[in-house]
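Enquirer: Sharing a structure, written as structure tokens. Questions coming.
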Amino acid sequence: MEELQSSIVLVIVLGTIGMLLLIAGMSLFIVLYQKRMLKEKKKQAERELEYQSQMIQMQLESQEQERKRIGADLHDSLGSLLWGAKVNASFLQRSIELKNSALDSYTELNYILDESINTVRRIAWDLTPDAFLYAGLSESVRKLCNQFDGKGIKIVFNEEGAEHWNDDRALQVFRIVQELVSNSLKHSQANLLHVSLSWQSGNLEVKLNDNGVGFKPDAGRNGVGLWNVEQRARQLQAKIHIGNPPICSGTEIVLQIPLHHDKE
Amino acid sequence: MDVTILFAHISSSSSIIPIILGLVQYRRTTPDLKLISWLVITSATADVISLMLILNGFNTWPIANIFVIGQFVLLFFVFDHHLKKQYLKTVFVILVCFALLNYLFIQTANSFNTYTSYITGIFLILLAIAYLYRLMSNLVVEKIYNLPMLWIAFGTLVYFSGTLFLFLFNNYLIEHQPGNHQYMWILHNVLNIIKNGFLAIGLWKNYKAASY
């Protein structure tokens, strides 16, 4: 009888230990599964981010190539045609003696052709990264400001410290400034725009502020341009802040861009 | 009331909740959980018939042995629904043939078919482990504890590991200490209650997920 009792106790003890081990195993399974799932989700998020980053890089590169192609086409085809028209107009003027209104028309035509040639040359220059490579960021931004200054808006350009930065990242920064200046001209209704570049140690701060109506996040209006700016900023690992200037009304945009480039 | 009979009653009653949960969602549930509903219904029916046979002084083994085979068939199809391996089907057919032969000719219907119980138990434990391994490899859901089949696999593991241990120990005891080891059946009923609890959780998880 005693033997039977001890056998019962043994069965219960062993059974309980076995059950506890099984329950521990099952709990461990759930914990391990959730841990693995979390790790997998993290990995997937990283993969998606990497993929997204690659897509943006490709898109921006393709945009740059397209700009270059359009620039070259403009310069080589439309530029040549305009030159041809100018040469032929000069030939006509030399061949036939023009008088009164015909002479006025010729002068007007010559002026239009000169303007057109200059405009095509400027657009082609702006679109081609080669121009940027030569000028560098600071000079390109200064040129950009000068180009629009006085055309319905006063643009003031300031620079603290100066560096010649002209690699692919610098071109991205220039494209951002180009887009932001263009946005300000088109939408802000401002008559004053400050653009400043501040070179700090390992960092470049780009600041634009105008005295216009202020920034309204309207996807229909700013969607593509702002998206481009954000994607470029992301590629540059830059911090972007869009808000109101501290004193007056208008828009203030500040970009903090890490300088990962070889100083010349 | 005899403790063994009391536990037999509790064990039979423990299938009421999974039966209700199975029937409530039967039409809109997945084939594997339909089979689980059938399993708890079969289990309850076998328990009721066994109880009636006991009360009338008849041998309950013919029914219990048939239930062991039926339970094996139903649970195999539940796991096969997820694992879908041809060689598992082949092993299954062989085991069913063996179980029937054992029932009819080797250990016969009137005594406990231990061979069938061991072999089918081990096979179902392996199927549950294979299913859990597959879950871990494929990471099918975000929150594993909301997956009904996880609880079915846990129930299978606990019940069949426990009964395998119990029956092996029972055989050892009978060999060394002949006598009536009723407490083994009490422990078996405890395991059955735990199994029904796991099945109920699985069916409840499915019901909850379908309700949202």
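Chain labels run A, B, ... following the order of the structure tokens; each chain numbers its residues from 1, and ligands are numbered from 1 in the order shown.
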Just the residues within 9 Å of B:Ile144, please, counting only C-alpha atoms, with nothing from its chain fewer than 3 positions along; format it as a ChimeraX atom specification.
Expert: /A:30,33-34 /B:135,139-141,147-148,150
Enquirer: Show me, as number ranges by chain, the residues of chain B whose atoms get within 12 Å of chain A, using only C-alpha atoms for the distance check.
Expert: B: 128-129, 132-147, 150-151, 153-170, 172-174, 176-184, 186-188, 190-191, 194, 198
Enquirer: Compile the contact shell of stretch 48-55 of chain A as a PyMOL selection string: residues with an atom at most 12 Å away, counting only C-alpha atoms, same-chain residues fewer than 6 positions apart removed.
Expert: chain A and resi 41-42+61-62+231-237
Enquirer: Rank nothing, just name the residue among B:Tyr103, B:Tyr26, B:Trp61, B:Phe98 nearest to B:Asn206, using only C-alpha atoms.
Expert: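 Smallest distance to B:Asn206 is found for B:Tyr26.
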Enquirer: Could you check how far atom CA of B:Leu127 sits from atom CA of B:Leu88, in Å to one decimal?
Expert: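 Rounded to one decimal, the two atoms are 8.9 Å apart.
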Enquirer: How far is it from atom CA of A:Leu197 to atom CA of A:Arg121, in Å with one decimal?
Expert: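 Atom CA of A:Arg121 lies at a distance of 26.9 Å from atom CA of A:Leu197.
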Enquirer: Could you give me, as a short mmCIF file (atom, residue, chain, number, x, y, z; two decimals) with N, CA, C and O atoms, in the first residue's frame, the residues within 12 Å of B:Val68, counting only C-alpha atoms and dropping anything in the same chain fewer than 5 positions from it?
Expert:
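Writing done, so here's around-v6.cif:
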data_model
loop_
_atom_site.label_atom_id
_atom_site.label_comp_id
_atom_site.auth_asym_id
_atom_site.auth_seq_id
_atom_site.Cartn_x
_atom_site.Cartn_y
_atom_site.Cartn_z
N LEU B 39 -14.26 17.32 -33.25
CA LEU B 39 -13.48 16.58 -32.25
C LEU B 39 -14.11 16.70 -30.86
O LEU B 39 -14.28 15.69 -30.16
N THR B 42 -17.35 14.75 -30.77
CA THR B 42 -17.06 13.31 -30.72
C THR B 42 -16.62 12.92 -29.31
O THR B 42 -17.04 11.89 -28.77
N SER B 43 -15.75 13.78 -28.74
CA SER B 43 -15.24 13.50 -27.38
C SER B 43 -16.38 13.45 -26.37
O SER B 43 -16.45 12.52 -25.55
N ALA B 46 -18.50 10.32 -26.93
CA ALA B 46 -17.82 9.11 -26.43
C ALA B 46 -17.90 9.06 -24.90
O ALA B 46 -18.11 7.98 -24.33
N ASP B 47 -17.74 10.23 -24.26
CA ASP B 47 -17.81 10.28 -22.79
C ASP B 47 -19.20 9.87 -22.29
O ASP B 47 -19.32 9.10 -21.34
N TRP B 61 -14.16 -0.15 -23.18
CA TRP B 61 -13.00 -0.10 -24.09
C TRP B 61 -13.35 -0.05 -25.58
O TRP B 61 -12.68 0.70 -26.33
N PRO B 62 -14.37 -0.79 -26.03
CA PRO B 62 -14.67 -0.71 -27.47
C PRO B 62 -14.91 0.74 -27.92
O PRO B 62 -14.44 1.15 -28.99
N ILE B 63 -15.64 1.50 -27.09
CA ILE B 63 -15.93 2.89 -27.44
C ILE B 63 -14.68 3.76 -27.30
O ILE B 63 -14.36 4.56 -28.18
N VAL B 73 -7.68 10.65 -36.31
CA VAL B 73 -8.04 11.01 -37.69
C VAL B 73 -8.38 12.51 -37.78
O VAL B 73 -7.85 13.22 -38.64
N LEU B 74 -9.21 12.99 -36.86
CA LEU B 74 -9.63 14.40 -36.91
C LEU B 74 -8.44 15.33 -36.70
O LEU B 74 -8.25 16.29 -37.46
N LEU B 75 -7.61 15.04 -35.68
CA LEU B 75 -6.47 15.92 -35.42
C LEU B 75 -5.44 15.87 -36.55
O LEU B 75 -4.80 16.87 -36.87
N VAL B 96 -3.49 4.36 -39.52
CA VAL B 96 -4.92 4.05 -39.39
C VAL B 96 -5.16 2.56 -39.65
O VAL B 96 -5.91 1.91 -38.91
N ALA B 99 -4.04 0.76 -36.63
CA ALA B 99 -4.98 0.95 -35.51
C ALA B 99 -6.20 0.06 -35.68
O ALA B 99 -6.67 -0.56 -34.71
N LEU B 100 -6.70 -0.06 -36.91
CA LEU B 100 -7.88 -0.90 -37.17
C LEU B 100 -7.55 -2.38 -36.97
O LEU B 100 -8.33 -3.13 -36.38
N TYR B 103 -7.26 -2.99 -33.35
CA TYR B 103 -8.60 -2.97 -32.75
C TYR B 103 -9.33 -4.29 -32.97
O TYR B 103 -10.00 -4.83 -32.10
N ALA B 109 -10.88 -5.20 -29.39
CA ALA B 109 -11.71 -4.07 -28.95
C ALA B 109 -11.95 -4.05 -27.45
O ALA B 109 -12.13 -2.99 -26.86
N PHE B 112 -7.71 -2.14 -23.60
CA PHE B 112 -7.18 -0.84 -24.01
C PHE B 112 -6.11 -1.02 -25.09
O PHE B 112 -5.13 -1.75 -24.89
N ASN B 113 -6.29 -0.34 -26.23
CA ASN B 113 -5.34 -0.47 -27.36
C ASN B 113 -4.14 0.46 -27.11
O ASN B 113 -4.04 1.55 -27.67
N THR B 114 -3.23 -0.04 -26.26
CA THR B 114 -2.08 0.82 -25.88
C THR B 114 -1.19 1.14 -27.09
O THR B 114 -0.72 2.26 -27.23
N TYR B 115 -0.98 0.14 -27.97
CA TYR B 115 -0.08 0.37 -29.13
C TYR B 115 -0.61 1.55 -29.96
O TYR B 115 0.13 2.46 -30.34
N THR B 116 -1.93 1.48 -30.21
CA THR B 116 -2.54 2.54 -31.02
C THR B 116 -2.38 3.90 -30.32
O THR B 116 -2.00 4.89 -30.94
N SER B 117 -2.64 3.85 -29.01
CA SER B 117 -2.56 5.09 -28.24
C SER B 117 -1.15 5.69 -28.28
O SER B 117 -0.98 6.89 -28.50
N TYR B 118 -0.12 4.86 -28.09
CA TYR B 118 1.27 5.36 -28.10
C TYR B 118 1.64 5.92 -29.47
O TYR B 118 2.14 7.04 -29.59
N ILE B 119 1.40 5.07 -30.49
CA ILE B 119 1.88 5.45 -31.83
C ILE B 119 1.17 6.71 -32.33
O ILE B 119 1.82 7.64 -32.82
N THR B 120 -0.16 6.73 -32.19
CA THR B 120 -0.88 7.91 -32.69
C THR B 120 -0.53 9.15 -31.85
O THR B 120 -0.40 10.26 -32.38
N GLY B 121 -0.33 8.94 -30.53
CA GLY B 121 0.06 10.06 -29.65
C GLY B 121 1.38 10.66 -30.08
O GLY B 121 1.51 11.88 -30.23
N LEU B 124 1.03 12.54 -33.33
CA LEU B 124 0.36 13.85 -33.18
C LEU B 124 1.27 14.86 -32.49
O LEU B 124 1.26 16.04 -32.82
N PHE B 160 -1.31 14.93 -25.34
CA PHE B 160 -0.70 13.68 -25.79
C PHE B 160 0.62 13.38 -25.08
O PHE B 160 0.95 12.22 -24.86
N THR B 163 -0.65 12.09 -21.62
CA THR B 163 -1.25 10.74 -21.66
C THR B 163 -0.18 9.68 -21.99
O THR B 163 -0.21 8.58 -21.43
#
Enquirer: To one decimal place in Å, what is the distance between atom CA of A:Ile70 and atom CA of A:Arg175?
Expert: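 Atom CA of A:Ile70 sits 16.0 Å away from atom CA of A:Arg175.
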Enquirer: Find the residues near A:Ser188: any atom within 7 Å, counting only C-alpha atoms, skip ones fewer than 4 places away on the same chain, and give them as a PyMOL selection string.
Expert: chain A and resi 184+212-214
Enquirer: List the neighbours of A:Ile176 out to 10 Å using only C-alpha atoms; skip same-chain residues closer than 6 positions along the sequence, and give me the result as an NGL selection string.
Expert: :A and (170 or 182 or 206 or 225-226 or 228-233 or 255)
Enquirer: Name the residues in contact with B:Ile17 at a cut-off of 10 Å, using only C-alpha atoms, excluding same-chain residues fewer than 6 positions from it; report them as a list of chain:residue names.
Expert: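 Contacts, with the query itself left out: B:Leu23, B:Val40, B:Asn196, B:Gly197, B:Leu199, B:Ala200, B:Ile201, B:Leu203, B:Trp204.
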Enquirer: DSSP on the backbone: what in chain B comes out helix (DSSP H, G or I), as an MDAnalysis selection string?
Expert: chainID B and resid 3:13 16:24 26:28 31:55 61:83 86:106 114:138 144:146 148:176 182:211
